[in-house]
Amino acid sequence: MINRYTRPEMGHIWSLENKFDIWREIEVLACEAQAQLGMAGITVEEAQWIRDHAGFTVERIDEIEKVTNHDVIAFTTCMAEHIDADIPEGQEKPSRWVHYGMTSSDLGDTALSYQIVQAIDIIIADIKRLGETCRRRAFEFQNALCVGRTHGIHAEPMTFGMKFGSWAWALKRALDRMEQARAVAATGAISGAVGTYSSIDPFVEEYVCARLGLTPDPLSTQVLARDRHAQVMTALAVCAATLESIAMQVRLLQQSDVIEAEEPFTKGQKGSSAMPHKRNPITAERVCGLARVVKANAQVALDDVALWYERDISHSGAERVALADSFTALDYMFAKMQWMLDGLQTYPDKMIHNLERTRGLIFSSKVLLALVDAGLSREDAYVIVQRNAMKVWEDIQNAVAGPTYRERLEADEEAAALLSAEKLDEIFDPWDFLTRKDVVFERLESLEF
């Protein structure tokens with residue numbers, strides 16, 4: 001990701017400095033475990049020396065890797081230089097116990113799991129923060145009338161708070177998925193070349209994983225199976241799709257012909273180099289664009305699941321890019337959505353204006369039911385409702401200042417014979433649609449992040 005789009009906390013997790021720091025801790029913990037076992041020959045004092053002197057520099061690791069063409073060997077070589085720096089010539093080097101009985105994936109995969117857990121914890125905090133914002137704003141607009149739209153066409157009245165409420169529930173589902181993905185990802189493996197523990201006691205794995213907050217994989221084959229990573233990446237992808245859906249709604253609501261809400265437009269901001277009047281939904285568009293990256297990377301993770309026999313490295317280079325980019329992009333998307341929804345500018349008067357633009361057509365479903373209640377078959381009632389509705393529709397499309405839908409019905413002999421003025425007053429009251437709306441807000445009260 002571009003540096004200016006990376007929040008420091010998430011950027012650090014995927015830095016080489018953090019990765020090698022985790023590698024160092026795993027190697028030190030493994031030495032401590034071996035010392036406790038007393039089987040490999042390493043003493044408690046040597047393990048303590050290793051902990052006190054283990055070090056590295058990214059620059060030196062890069063320098064060594066140019067020769068070895070192997071990142072783990074470059075790391076352990078650099079670490080050994082630090083451990084043995086003060087050991088007199090001819091004395092046994094404590095660094096010989098580093099990486100004892102381990103294979104590269106024991107180190108790399110366990111560390112990657114720890115990085116993923118670190119990153120997921122940030123995303124979980126992001127979800128909770130945005131979810132609480134949506135929940136709060138749902139109650140803020142609980143009674144703000146607006147028109148609901150299906151297929152982009154006016155449907156029936158609703159309240160603007162229901163939009164925020166639906167977003168809150170979607171984020172709650174995202175939270176559940178992310179917590180499940182975290183549990184699947186929080187797994188380590190230190191089991192040797194093909195997972196048989198041929199040169200290392202399972203105690204080492206248990207010791208290291210316990211101190212990293214991970215669970216030992218019940219049967220690794222040198223690598224952790226990549227279905228774990230695929231679950232993480234698909235959870236990120238669904239989360240990105242959820243943010244994309246919300247951002248798309250903001251973009252639609254900000255259209256000049258709708259303008260019921262818009263993302264914040266800050267002091268000094270410019271909307272267009274050519275048209276100074278523009279206030280474009282650029283942040284919402286950016287979120288939608290980045291969602292494509294995160295969703296596409298999920299396919300990379302799915303493709304990484306299938307490896308040759310017990311292991312190959314076809315997944316390695318791809319996931320180093322895809323994981324870091326997806327977590328970084330999603331964290332950035334959450335930062336932008338938090339700013340956008342917390343400060344979303346809303347226009348309740350425009351909501352009412354839009355609700356009335358179709359001259360009462362949005363009440364057609366109530367007219368239909370009223371005619372059925374009056375004794376007509378549904379088919380006959382539908383004919384009356386639709387023929388009057390289509391006349392109003394045509395007037396609207398042709399910009400003709402014709403009768404409203406209610407006036408059309410009052411002039412229709414069949415409809416007028418069955419619908420009294422009092423009944424029409426009831427039908428054409430938008431709040432009549434919302435007599436049961438409180439149930440959804442009562443449910444929302446119980447929502448916790």
# chains A, B, ... in the order shown; residues from 1 in each chain; ligands from 1

call {"tool": "select_by_dssp", "arguments": {"residues": "region 327-369 of chain A", "states": "alpha helix (DSSP H)", "output": "number ranges by chain"}}
result
A: 327-342, 348-356, 364-369

call {"tool": "residues_around", "arguments": {"residues": "Ile396 (chain A)", "least_positions_apart": "5", "cutoff": "10 Å", "atoms": "only C-alpha atoms", "output": "tab-separated table (two decimals) with all heavy atoms, in the first residue's frame"}}
result
chain	number	residue	atom	x	y	z
A	357	ARG	N	-42.23	13.53	-4.21
A	357	ARG	CA	-42.01	13.79	-5.64
A	357	ARG	C	-42.87	12.94	-6.56
A	357	ARG	O	-43.21	13.37	-7.67
A	357	ARG	CB	-40.53	13.58	-5.99
A	357	ARG	CG	-39.63	14.73	-5.58
A	357	ARG	CD	-38.18	14.45	-5.95
A	357	ARG	NE	-38.00	14.29	-7.39
A	357	ARG	CZ	-36.87	13.90	-7.96
A	357	ARG	NH1	-35.84	13.58	-7.19
A	357	ARG	NH2	-36.77	13.81	-9.26
A	358	THR	N	-43.21	11.74	-6.13
A	358	THR	CA	-43.99	10.86	-7.01
A	358	THR	C	-45.50	11.04	-6.78
A	358	THR	O	-46.29	10.18	-7.20
A	358	THR	CB	-43.59	9.39	-6.81
A	358	THR	OG1	-43.57	9.07	-5.42
A	358	THR	CG2	-42.21	9.13	-7.40
A	359	ARG	N	-45.88	12.11	-6.13
A	359	ARG	CA	-47.29	12.54	-6.05
A	359	ARG	C	-48.22	11.48	-5.48
A	359	ARG	O	-49.36	11.32	-5.92
A	359	ARG	CB	-47.80	12.98	-7.43
A	359	ARG	CG	-46.95	14.06	-8.08
A	359	ARG	CD	-47.44	14.43	-9.46
A	359	ARG	NE	-46.50	15.31	-10.15
A	359	ARG	CZ	-46.64	15.71	-11.41
A	359	ARG	NH1	-47.69	15.32	-12.13
A	359	ARG	NH2	-45.74	16.51	-11.96
A	390	MET	N	-50.30	4.54	-13.32
A	390	MET	CA	-49.56	4.75	-14.56
A	390	MET	C	-49.83	6.12	-15.16
A	390	MET	O	-48.95	6.72	-15.80
A	390	MET	CB	-49.91	3.65	-15.56
A	390	MET	CG	-49.38	2.26	-15.21
A	390	MET	SD	-47.58	2.18	-14.94
A	390	MET	CE	-47.48	2.22	-13.14
A	391	LYS	N	-51.02	6.66	-14.97
A	391	LYS	CA	-51.31	8.00	-15.47
A	391	LYS	C	-50.47	9.04	-14.74
A	391	LYS	O	-49.94	9.98	-15.35
A	391	LYS	CB	-52.81	8.31	-15.30
A	391	LYS	CG	-53.72	7.48	-16.21
A	391	LYS	CD	-55.19	7.75	-15.90
A	391	LYS	CE	-56.09	6.88	-16.77
A	391	LYS	NZ	-57.53	7.07	-16.41
A	401	ALA	N	-47.84	18.89	-14.93
A	401	ALA	CA	-48.37	19.17	-13.60
A	401	ALA	C	-49.79	18.65	-13.48
A	401	ALA	O	-50.77	19.41	-13.37
A	401	ALA	CB	-48.32	20.67	-13.32
A	402	GLY	N	-49.94	17.33	-13.53
A	402	GLY	CA	-51.26	16.71	-13.50
A	402	GLY	C	-51.73	16.42	-12.09
A	402	GLY	O	-51.09	16.80	-11.10
A	404	THR	N	-52.61	14.51	-8.54
A	404	THR	CA	-51.88	13.57	-7.69
A	404	THR	C	-52.55	12.20	-7.78
A	404	THR	O	-53.65	12.05	-8.34
A	404	THR	CB	-51.89	14.03	-6.24
A	404	THR	OG1	-53.25	14.00	-5.76
A	404	THR	CG2	-51.33	15.44	-6.12

call {"tool": "residues_around", "arguments": {"residues": "Arg387 (chain A)", "least_positions_apart": "6", "cutoff": "10 Å", "atoms": "only C-alpha atoms", "output": "PyMOL selection string"}}
result
chain A and resi 393+408-409+412

call {"tool": "closest_residue", "arguments": {"among": "A:Asp106, A:Glu206, A:Asp227, A:Glu319", "to": "Trp14 (chain A)", "atoms": "only C-alpha atoms"}}
result
A:Glu319

call {"tool": "atom_distance", "arguments": {"atom1": "CA of Met233 (chain A)", "atom2": "CA of Met178 (chain A)"}}
result
9.8 Å

call {"tool": "atom_distance", "arguments": {"atom1": "CA of Pro216 (chain A)", "atom2": "CA of Asp52 (chain A)"}}
result
26.4 Å

call {"tool": "select_by_dssp", "arguments": {"residues": "region 8-216 of chain A", "states": "strand (DSSP E or B)", "output": "ChimeraX atom specification"}}
result
/A:145-150,153-159,187-188,215-216

call {"tool": "residues_around", "arguments": {"residues": "Val184 (chain A)", "least_positions_apart": "6", "cutoff": "10 Å", "atoms": "only C-alpha atoms", "output": "ChimeraX atom specification"}}
result
/A:113,117,178,214-215,227-229,231-232

call {"tool": "write_last_selection", "arguments": {"atoms": "C-alpha atoms", "output": "mmCIF file, in the first residue's frame"}}
result
data_model
loop_
_atom_site.group_PDB
_atom_site.id
_atom_site.type_symbol
_atom_site.label_atom_id
_atom_site.label_comp_id
_atom_site.auth_asym_id
_atom_site.auth_seq_id
_atom_site.Cartn_x
_atom_site.Cartn_y
_atom_site.Cartn_z
ATOM 1 C CA SER A 113 -0.098 -16.498 12.454
ATOM 2 C CA VAL A 117 -3.763 -12.131 14.929
ATOM 3 C CA MET A 178 -13.647 -11.778 12.015
ATOM 4 C CA LEU A 214 -1.573 -19.540 19.795
ATOM 5 C CA THR A 215 -2.897 -23.096 19.666
ATOM 6 C CA ASP A 227 -7.430 -22.983 4.314
ATOM 7 C CA ARG A 228 -6.843 -21.116 7.573
ATOM 8 C CA HIS A 229 -5.438 -18.132 5.726
ATOM 9 C CA GLN A 231 -10.814 -18.101 5.827
ATOM 10 C CA VAL A 232 -9.119 -14.972 7.106
#

call {"tool": "residues_around", "arguments": {"residues": "region 259-271 of chain A", "least_positions_apart": "4", "cutoff": "9 Å", "atoms": "only C-alpha atoms", "output": "PyMOL selection string"}}
result
chain A and resi 146+250-255+275-284+339-341+343-351+354

call {"tool": "write_last_selection", "arguments": {"atoms": "N, CA and C atoms", "output": "mmCIF file, in the first residue's frame"}}
result
data_model
loop_
_atom_site.group_PDB
_atom_site.id
_atom_site.type_symbol
_atom_site.label_atom_id
_atom_site.label_comp_id
_atom_site.auth_asym_id
_atom_site.auth_seq_id
_atom_site.Cartn_x
_atom_site.Cartn_y
_atom_site.Cartn_z
ATOM 1 N N CYS A 146 -38.240 9.109 5.203
ATOM 2 C CA CYS A 146 -37.638 9.146 3.876
ATOM 3 C C CYS A 146 -38.310 8.071 3.030
ATOM 4 N N VAL A 250 -24.040 5.822 0.230
ATOM 5 C CA VAL A 250 -23.707 7.233 0.391
ATOM 6 C C VAL A 250 -23.563 7.900 -0.965
ATOM 7 N N ARG A 251 -22.895 7.224 -1.896
ATOM 8 C CA ARG A 251 -22.730 7.779 -3.240
ATOM 9 C C ARG A 251 -24.087 8.028 -3.900
ATOM 10 N N LEU A 252 -25.002 7.075 -3.753
ATOM 11 C CA LEU A 252 -26.327 7.226 -4.351
ATOM 12 C C LEU A 252 -27.108 8.356 -3.691
ATOM 13 N N LEU A 253 -27.012 8.436 -2.364
ATOM 14 C CA LEU A 253 -27.734 9.483 -1.643
ATOM 15 C C LEU A 253 -27.187 10.868 -1.939
ATOM 16 N N GLN A 254 -25.924 10.931 -2.406
ATOM 17 C CA GLN A 254 -25.286 12.220 -2.675
ATOM 18 C C GLN A 254 -25.513 12.694 -4.113
ATOM 19 N N GLN A 255 -26.131 11.881 -4.947
ATOM 20 C CA GLN A 255 -26.397 12.317 -6.313
ATOM 21 C C GLN A 255 -27.201 13.623 -6.304
ATOM 22 N N MET A 275 -14.701 22.549 -12.323
ATOM 23 C CA MET A 275 -16.054 22.979 -11.940
ATOM 24 C C MET A 275 -16.106 23.244 -10.447
ATOM 25 N N PRO A 276 -15.927 24.485 -10.037
ATOM 26 C CA PRO A 276 -15.835 24.810 -8.611
ATOM 27 C C PRO A 276 -17.075 24.461 -7.788
ATOM 28 N N HIS A 277 -18.215 24.221 -8.446
ATOM 29 C CA HIS A 277 -19.421 23.926 -7.674
ATOM 30 C C HIS A 277 -19.463 22.491 -7.164
ATOM 31 N N LYS A 278 -18.577 21.633 -7.650
ATOM 32 C CA LYS A 278 -18.691 20.201 -7.379
ATOM 33 C C LYS A 278 -18.352 19.838 -5.932
ATOM 34 N N ARG A 279 -19.157 18.941 -5.379
ATOM 35 C CA ARG A 279 -18.889 18.280 -4.096
ATOM 36 C C ARG A 279 -19.041 16.786 -4.350
ATOM 37 N N ASN A 280 -17.968 16.152 -4.728
ATOM 38 C CA ASN A 280 -18.009 14.763 -5.174
ATOM 39 C C ASN A 280 -17.808 13.781 -4.016
ATOM 40 N N PRO A 281 -18.420 12.600 -4.087
ATOM 41 C CA PRO A 281 -18.266 11.585 -3.028
ATOM 42 C C PRO A 281 -16.962 10.809 -3.180
ATOM 43 N N ILE A 282 -15.851 11.525 -3.127
ATOM 44 C CA ILE A 282 -14.572 10.901 -3.461
ATOM 45 C C ILE A 282 -14.137 9.846 -2.435
ATOM 46 N N THR A 283 -14.466 10.070 -1.171
ATOM 47 C CA THR A 283 -14.060 9.101 -0.152
ATOM 48 C C THR A 283 -14.852 7.813 -0.294
ATOM 49 N N ALA A 284 -16.147 7.940 -0.528
ATOM 50 C CA ALA A 284 -16.974 6.750 -0.740
ATOM 51 C C ALA A 284 -16.520 5.995 -1.983
ATOM 52 N N TRP A 339 -14.853 8.269 9.581
ATOM 53 C CA TRP A 339 -14.911 9.722 9.357
ATOM 54 C C TRP A 339 -16.174 10.094 8.596
ATOM 55 N N MET A 340 -16.517 9.298 7.600
ATOM 56 C CA MET A 340 -17.644 9.619 6.737
ATOM 57 C C MET A 340 -18.986 9.488 7.454
ATOM 58 N N LEU A 341 -19.198 8.367 8.143
ATOM 59 C CA LEU A 341 -20.505 8.112 8.741
ATOM 60 C C LEU A 341 -20.703 8.887 10.039
ATOM 61 N N GLY A 343 -19.608 11.829 10.516
ATOM 62 C CA GLY A 343 -19.882 13.205 10.109
ATOM 63 C C GLY A 343 -20.810 13.327 8.911
ATOM 64 N N LEU A 344 -21.531 12.236 8.585
ATOM 65 C CA LEU A 344 -22.418 12.265 7.417
ATOM 66 C C LEU A 344 -23.410 13.419 7.516
ATOM 67 N N GLN A 345 -23.425 14.254 6.484
ATOM 68 C CA GLN A 345 -24.361 15.375 6.450
ATOM 69 C C GLN A 345 -25.685 14.892 5.877
ATOM 70 N N THR A 346 -26.760 15.162 6.601
ATOM 71 C CA THR A 346 -28.081 14.676 6.194
ATOM 72 C C THR A 346 -29.035 15.853 5.999
ATOM 73 N N TYR A 347 -30.021 15.639 5.134
ATOM 74 C CA TYR A 347 -30.960 16.704 4.773
ATOM 75 C C TYR A 347 -32.396 16.193 4.878
ATOM 76 N N PRO A 348 -32.957 16.174 6.106
ATOM 77 C CA PRO A 348 -34.318 15.651 6.321
ATOM 78 C C PRO A 348 -35.392 16.334 5.483
ATOM 79 N N ASP A 349 -35.265 17.642 5.251
ATOM 80 C CA ASP A 349 -36.264 18.342 4.432
ATOM 81 C C ASP A 349 -36.234 17.814 3.001
ATOM 82 N N LYS A 350 -35.039 17.511 2.500
ATOM 83 C CA LYS A 350 -34.944 16.960 1.150
ATOM 84 C C LYS A 350 -35.519 15.541 1.106
ATOM 85 N N MET A 351 -35.394 14.835 2.219
ATOM 86 C CA MET A 351 -35.984 13.496 2.289
ATOM 87 C C MET A 351 -37.494 13.575 2.124
ATOM 88 N N ASN A 354 -38.344 14.492 -1.502
ATOM 89 C CA ASN A 354 -38.241 13.344 -2.400
ATOM 90 C C ASN A 354 -39.386 12.364 -2.196
#

call {"tool": "atom_distance", "arguments": {"atom1": "CA of Ser365 (chain A)", "atom2": "CA of Glu394 (chain A)"}}
result
18.7 Å

call {"tool": "residues_around", "arguments": {"residues": "Gln299 (chain A)", "least_positions_apart": "6", "cutoff": "10 Å", "atoms": "only C-alpha atoms", "output": "list in words"}}
result
Ala230, Met233, Thr234, Ala237 and Ala322 of chain A

call {"tool": "write_last_selection", "arguments": {"atoms": "all heavy atoms", "output": "PDB file, in the first residue's frame"}}
result
ATOM      1  N   ALA A 230      -7.074 -18.701   4.022  1.00  0.00           N
ATOM      2  CA  ALA A 230      -8.171 -18.399   3.096  1.00  0.00           C
ATOM      3  C   ALA A 230      -9.413 -17.937   3.857  1.00  0.00           C
ATOM      4  O   ALA A 230     -10.131 -17.030   3.412  1.00  0.00           O
ATOM      5  CB  ALA A 230      -8.494 -19.618   2.245  1.00  0.00           C
ATOM      6  N   MET A 233      -8.818 -14.352   4.792  1.00  0.00           N
ATOM      7  CA  MET A 233      -8.910 -13.449   3.639  1.00  0.00           C
ATOM      8  C   MET A 233     -10.339 -13.311   3.126  1.00  0.00           C
ATOM      9  O   MET A 233     -10.742 -12.235   2.671  1.00  0.00           O
ATOM     10  CB  MET A 233      -7.981 -13.935   2.537  1.00  0.00           C
ATOM     11  CG  MET A 233      -6.507 -13.809   2.892  1.00  0.00           C
ATOM     12  SD  MET A 233      -5.949 -12.093   2.892  1.00  0.00           S
ATOM     13  CE  MET A 233      -5.636 -11.882   1.139  1.00  0.00           C
ATOM     14  N   THR A 234     -11.110 -14.389   3.182  1.00  0.00           N
ATOM     15  CA  THR A 234     -12.510 -14.269   2.752  1.00  0.00           C
ATOM     16  C   THR A 234     -13.310 -13.454   3.762  1.00  0.00           C
ATOM     17  O   THR A 234     -14.220 -12.706   3.382  1.00  0.00           O
ATOM     18  CB  THR A 234     -13.152 -15.651   2.538  1.00  0.00           C
ATOM     19  OG1 THR A 234     -12.932 -16.480   3.685  1.00  0.00           O
ATOM     20  CG2 THR A 234     -12.563 -16.340   1.318  1.00  0.00           C
ATOM     21  N   ALA A 237     -12.571 -10.035   2.880  1.00  0.00           N
ATOM     22  CA  ALA A 237     -13.245  -9.681   1.632  1.00  0.00           C
ATOM     23  C   ALA A 237     -14.721  -9.367   1.864  1.00  0.00           C
ATOM     24  O   ALA A 237     -15.261  -8.400   1.310  1.00  0.00           O
ATOM     25  CB  ALA A 237     -13.096 -10.811   0.615  1.00  0.00           C
ATOM     26  N   ALA A 322      -0.545 -10.236  -0.674  1.00  0.00           N
ATOM     27  CA  ALA A 322      -2.004 -10.187  -0.524  1.00  0.00           C
ATOM     28  C   ALA A 322      -2.434  -9.938   0.919  1.00  0.00           C
ATOM     29  O   ALA A 322      -3.344  -9.127   1.177  1.00  0.00           O
ATOM     30  CB  ALA A 322      -2.622 -11.485  -1.047  1.00  0.00           C
TER      31      ALA A 322
END

call {"tool": "closest_residue", "arguments": {"among": "A:Ala291, A:Ile427, A:Leu29, A:Val400", "to": "Ala241 (chain A)", "atoms": "only C-alpha atoms"}}
result
A:Ala291

call {"tool": "closest_residue", "arguments": {"among": "A:Met248, A:Ala296, A:Ala33, A:Ile200", "to": "Asp325 (chain A)", "atoms": "only C-alpha atoms"}}
result
A:Ala296

call {"tool": "closest_residue", "arguments": {"among": "A:Val392, A:Ala381, A:Ile127, A:Ala374", "to": "Glu407 (chain A)", "atoms": "only C-alpha atoms"}}
result
A:Val392

call {"tool": "closest_residue", "arguments": {"among": "A:Phe164, A:Trp49, A:Phe139, A:Trp23", "to": "Ser105 (chain A)", "atoms": "only C-alpha atoms"}}
result
A:Trp23

call {"tool": "closest_residue", "arguments": {"among": "A:Val238, A:Asp331, A:Glu205, A:Lys128", "to": "Glu9 (chain A)", "atoms": "only C-alpha atoms"}}
result
A:Asp331

call {"tool": "residues_around", "arguments": {"residues": "Thr159 (chain A)", "least_positions_apart": "2", "cutoff": "9 Å", "atoms": "only C-alpha atoms", "output": "list in words"}}
result
Phe141, Gln142, Asn143, Ala144, Leu145, Cys146, Val147, Gly148, Pro157, Gly161, Met162, Lys163, Leu434 and Lys437 of chain A

call {"tool": "write_last_selection", "arguments": {"atoms": "N, CA and C atoms", "output": "CSV table (one decimal), in the first residue's frame"}}
result
chain,number,residue,atom,x,y,z
A,141,PHE,N,-31.8,9.2,13.9
A,141,PHE,CA,-32.7,9.4,12.8
A,141,PHE,C,-33.9,8.4,12.8
A,142,GLN,N,-34.2,7.9,14.0
A,142,GLN,CA,-35.3,6.9,14.1
A,142,GLN,C,-36.6,7.4,13.5
A,143,ASN,N,-36.8,8.7,13.6
A,143,ASN,CA,-38.1,9.2,13.2
A,143,ASN,C,-38.0,10.2,12.0
A,144,ALA,N,-36.9,10.1,11.2
A,144,ALA,CA,-36.7,10.9,10.1
A,144,ALA,C,-37.3,10.2,8.8
A,145,LEU,N,-38.4,10.7,8.4
A,145,LEU,CA,-39.1,10.1,7.2
A,145,LEU,C,-38.3,10.2,6.0
A,146,CYS,N,-38.2,9.1,5.2
A,146,CYS,CA,-37.6,9.1,3.9
A,146,CYS,C,-38.3,8.1,3.0
A,147,VAL,N,-38.1,8.1,1.8
A,147,VAL,CA,-38.7,7.1,0.9
A,147,VAL,C,-37.7,5.9,0.8
A,148,GLY,N,-38.2,4.7,0.8
A,148,GLY,CA,-37.4,3.5,0.6
A,148,GLY,C,-37.4,3.3,-0.9
A,157,PRO,N,-42.6,4.4,2.2
A,157,PRO,CA,-41.9,5.2,3.3
A,157,PRO,C,-41.2,4.3,4.3
A,161,GLY,N,-33.2,6.3,9.9
A,161,GLY,CA,-32.5,5.6,10.9
A,161,GLY,C,-32.4,4.1,10.6
A,162,MET,N,-33.3,3.6,9.8
A,162,MET,CA,-33.3,2.2,9.4
A,162,MET,C,-32.0,1.9,8.6
A,163,LYS,N,-31.6,2.9,7.8
A,163,LYS,CA,-30.4,2.7,7.0
A,163,LYS,C,-29.2,2.4,7.9
A,434,LEU,N,-45.6,2.9,9.1
A,434,LEU,CA,-44.5,2.7,10.1
A,434,LEU,C,-45.0,2.4,11.5
A,437,LYS,N,-42.7,0.0,13.2
A,437,LYS,CA,-41.2,0.3,13.0
A,437,LYS,C,-40.4,0.1,14.3
